[in-house]
Structures are given as structure tokens and as C-alpha cells.
Amino acid sequence: MLLATPEVVVGSNARHYQALMDATFLQRGGKVEALPSSVVIFVCDFDPFGKDLRLYDCRTTCIQTRDVVPDRRCSVYLSATATGGEVSDDLDAFLRYVRGEDVRGNAFVDGVREVVHSCLEDESWMEAYMTLEEYYENEVKQRVKVGVKKGVEEAVGKAAKQTKLDTFSALVRDGLLDVGVAAERAGVSAEEMTKLAAEVR
């Protein structure tokens, strides 16, 4: 069993982005109790959970009671390859557009198409996009190796910890978070955090 299944890759990225948003808010002086609601949306060209649903609305829940935990975090996964589940006309048109269909006459899709064309003509945006693509490609390769060698369960725990360290290290490197605060939140010493921040590319 490999670590780099679509489910695990997308889930890990959701945690990464949620952590980045929370850390940025707190660094700007926000209080923990005032953390705003946050939503991370992934548009997938695969079915991330294999249930043939076009929309997966994921929130933290209590296993025993099935109640939603009010932490105001939400991860939304949209599958362009699935066909099931009720969605709005606009979302249905958008997912068909992502799937490669020639969707015309839908105002939302027409707006998306205009933005996409604008981005494709922006060289600086394309350069940033390609850099991000390389990053994720390298991440997937590395996680596959780890998953094959040590098993998915151990690898997921390690990947989650590494994602946390990488996030706080990058914030320290960019001067957005104090070394001591980052070290405490990441569960490492200030010396180790300083070293990690220096190694972040």
C-alpha cells in the first residue's frame, strides 16, 4: 500500500493550508479564540474518496456522537470525474468544464474561463505555478518512497509532523513568526527551529 494515494495527498495539503492561514492570523496579532472560519477548496481530476460524489464537504466530527466540532474549519473537495450527489447548476457546469467539456452559456464558467486565459498570459503567474507544480511532484515522490518502506500509518504521522515543521520553519525564515513561538508550537527546541528555518529553501 502506497502513501501517495489521492486521499492522503489531498488530506495532507488541506492540513498544511489550514495551518498556514491560522499561523498568519495569529502572527498578525489575532487571538486564538478569535480565529476566523476557514475553508480550503480542492478541485480534483480524480475522486478523492471513491464514493462517486462531485462534492465532499468535510468538517471535524466527534467519532462517538457524530456531532460536528465547532472549530470553524472546512475542507471541500470537488471531483470532476464523479457523477453522483446533488450540486448546483453552476457547480455542475464548472466540473464539466474542468473535465474538458466545452461548456458555453453559463455565466460562472464564462468568468472562470476569462480568469484562466488571463493567468495563462501572465508570465510571472505561470512561473510561480510551475514552481508549485515541481514542489508537489517532489513531495509525492518522497512520500511514495516513505510509504512503501514503512507503511502508510507510520508515514502519515511522519508527513503530518514534517508538514508542521516545514510550515513554522518557513514562517520563521520569512520573519513572520518569532523563533521561540514557532518552536513551542512545533514541539521542538528554539535551536532546532533556528536550524530548520535556515535550511528551508
# chains A, B, ... in the order shown; residues from 1 in each chain; ligands from 1

call {"tool": "residues_around", "arguments": {"residues": "Leu91 in chain A", "least_positions_apart": "6", "cutoff": "12 Å", "atoms": "only C-alpha atoms", "output": "VMD selection string"}}
result
chain A and resid 43 54 to 55 78 to 80 83 85 97 to 98 103 106 to 109 112

call {"tool": "write_last_selection", "arguments": {"atoms": "N, CA and C atoms", "output": "short mmCIF file (atom, residue, chain, number, x, y, z; two decimals), in the first residue's frame"}}
result
data_model
loop_
_atom_site.label_atom_id
_atom_site.label_comp_id
_atom_site.auth_asym_id
_atom_site.auth_seq_id
_atom_site.Cartn_x
_atom_site.Cartn_y
_atom_site.Cartn_z
N VAL A 43 -10.02 21.31 -6.18
CA VAL A 43 -10.69 20.85 -7.39
C VAL A 43 -9.86 19.69 -7.93
N ARG A 54 -19.63 14.37 -6.43
CA ARG A 54 -18.96 15.54 -7.01
C ARG A 54 -18.52 16.53 -5.95
N LEU A 55 -19.15 16.48 -4.78
CA LEU A 55 -18.84 17.41 -3.70
C LEU A 55 -18.69 16.67 -2.38
N LEU A 78 -13.83 18.88 -4.60
CA LEU A 78 -14.70 18.78 -5.77
C LEU A 78 -14.09 17.78 -6.75
N SER A 79 -14.88 16.83 -7.19
CA SER A 79 -14.39 15.81 -8.11
C SER A 79 -15.00 15.98 -9.49
N ALA A 80 -14.13 16.24 -10.46
CA ALA A 80 -14.59 16.43 -11.84
C ALA A 80 -14.89 15.10 -12.52
N THR A 83 -19.92 11.54 -10.71
CA THR A 83 -21.20 11.92 -11.31
C THR A 83 -22.34 11.99 -10.30
N GLY A 85 -24.35 12.70 -6.39
CA GLY A 85 -24.54 13.78 -5.44
C GLY A 85 -25.20 14.99 -6.07
N TYR A 97 -16.62 21.63 -17.09
CA TYR A 97 -15.57 22.44 -17.72
C TYR A 97 -14.19 21.92 -17.32
N VAL A 98 -14.01 21.62 -16.04
CA VAL A 98 -12.74 21.07 -15.55
C VAL A 98 -12.46 19.73 -16.22
N VAL A 103 -18.15 23.90 -22.23
CA VAL A 103 -19.34 24.45 -21.57
C VAL A 103 -19.53 25.90 -22.00
N ASN A 106 -22.89 29.52 -19.54
CA ASN A 106 -23.00 29.58 -18.09
C ASN A 106 -22.14 30.75 -17.61
N ALA A 107 -22.75 31.70 -16.93
CA ALA A 107 -22.04 32.92 -16.53
C ALA A 107 -20.84 32.62 -15.63
N PHE A 108 -21.01 31.68 -14.70
CA PHE A 108 -19.91 31.36 -13.79
C PHE A 108 -18.72 30.77 -14.54
N VAL A 109 -18.98 29.79 -15.39
CA VAL A 109 -17.90 29.16 -16.17
C VAL A 109 -17.26 30.16 -17.12
N VAL A 112 -14.84 32.08 -15.11
CA VAL A 112 -13.66 31.26 -14.80
C VAL A 112 -12.75 31.17 -16.01
#

call {"tool": "atom_distance", "arguments": {"atom1": "CA of Ala14 in chain A", "atom2": "CA of Cys44 in chain A"}}
result
12.9 Å

call {"tool": "select_by_dssp", "arguments": {"residues": "range 32-115 of chain A", "states": "strand (DSSP E or B)", "output": "MDAnalysis selection string"}}
result
chainID A and resid 38:44 53 55:58 61 68 73:79 84

call {"tool": "atom_distance", "arguments": {"atom1": "CA of Arg173 in chain A", "atom2": "CA of Arg15 in chain A"}}
result
20.3 Å

call {"tool": "closest_residue", "arguments": {"among": "A:Leu53, A:Cys74, A:Val181, A:Ala19", "to": "Leu95 in chain A", "atoms": "only C-alpha atoms"}}
result
A:Leu53

call {"tool": "closest_residue", "arguments": {"among": "A:Phe46, A:Tyr17, A:Phe94, A:Phe168", "to": "Ala190 in chain A", "atoms": "only C-alpha atoms"}}
result
A:Phe168

call {"tool": "closest_residue", "arguments": {"among": "A:Asp92, A:Asp22, A:Asp52, A:Asp166", "to": "Glu199 in chain A", "atoms": "only C-alpha atoms"}}
result
A:Asp166

call {"tool": "closest_residue", "arguments": {"among": "A:Ala34, A:Leu165, A:Val76, A:Ile41", "to": "Glu184 in chain A", "atoms": "only C-alpha atoms"}}
result
A:Leu165

call {"tool": "atom_distance", "arguments": {"atom1": "CA of Ala93 in chain A", "atom2": "CA of Gly111 in chain A"}}
result
12.0 Å

call {"tool": "closest_residue", "arguments": {"among": "A:Gln162, A:Gln18, A:Asn13, A:Thr24", "to": "Asp178 in chain A", "atoms": "only C-alpha atoms"}}
result
A:Thr24

call {"tool": "residues_around", "arguments": {"residues": "Gly180 in chain A", "least_positions_apart": "3", "cutoff": "9 Å", "atoms": "only C-alpha atoms", "output": "PyMOL selection string"}}
result
chain A and resi 177+183-185+189-190+193

call {"tool": "write_last_selection", "arguments": {"atoms": "N, CA and C atoms", "output": "PDB file, in the first residue's frame"}}
result
ATOM      1  N   LEU A 177       7.116  34.964  12.078  1.00  0.00           N
ATOM      2  CA  LEU A 177       6.852  34.362  13.375  1.00  0.00           C
ATOM      3  C   LEU A 177       8.147  34.282  14.175  1.00  0.00           C
ATOM      4  N   ALA A 183       8.919  27.448  17.749  1.00  0.00           N
ATOM      5  CA  ALA A 183       9.473  26.236  18.356  1.00  0.00           C
ATOM      6  C   ALA A 183       8.483  25.608  19.329  1.00  0.00           C
ATOM      7  N   GLU A 184       7.842  26.447  20.129  1.00  0.00           N
ATOM      8  CA  GLU A 184       6.874  25.948  21.101  1.00  0.00           C
ATOM      9  C   GLU A 184       5.688  25.279  20.413  1.00  0.00           C
ATOM     10  N   ARG A 185       5.173  25.907  19.363  1.00  0.00           N
ATOM     11  CA  ARG A 185       4.022  25.366  18.654  1.00  0.00           C
ATOM     12  C   ARG A 185       4.363  24.104  17.871  1.00  0.00           C
ATOM     13  N   SER A 189      12.976  22.431  20.056  1.00  0.00           N
ATOM     14  CA  SER A 189      13.745  23.459  20.751  1.00  0.00           C
ATOM     15  C   SER A 189      13.938  24.670  19.837  1.00  0.00           C
ATOM     16  N   ALA A 190      14.234  25.821  20.440  1.00  0.00           N
ATOM     17  CA  ALA A 190      14.480  27.037  19.667  1.00  0.00           C
ATOM     18  C   ALA A 190      15.689  26.853  18.760  1.00  0.00           C
ATOM     19  N   MET A 193      14.643  24.817  15.765  1.00  0.00           N
ATOM     20  CA  MET A 193      13.807  25.613  14.877  1.00  0.00           C
ATOM     21  C   MET A 193      14.650  26.593  14.075  1.00  0.00           C
TER      22      MET A 193
END

call {"tool": "closest_residue", "arguments": {"among": "A:Ile63, A:Ala198, A:Leu171, A:Cys119", "to": "Met21 in chain A", "atoms": "only C-alpha atoms"}}
result
A:Leu171

call {"tool": "select_by_dssp", "arguments": {"residues": "range 29-115 of chain A", "states": "alpha helix (DSSP H)", "output": "list in words"}}
result
Asp89, Asp90, Leu91, Asp92, Ala93, Phe94, Leu95, Arg96, Tyr97, Val98, Ala107, Phe108, Val109, Asp110, Gly111, Val112, Arg113, Glu114 and Val115 of chain A
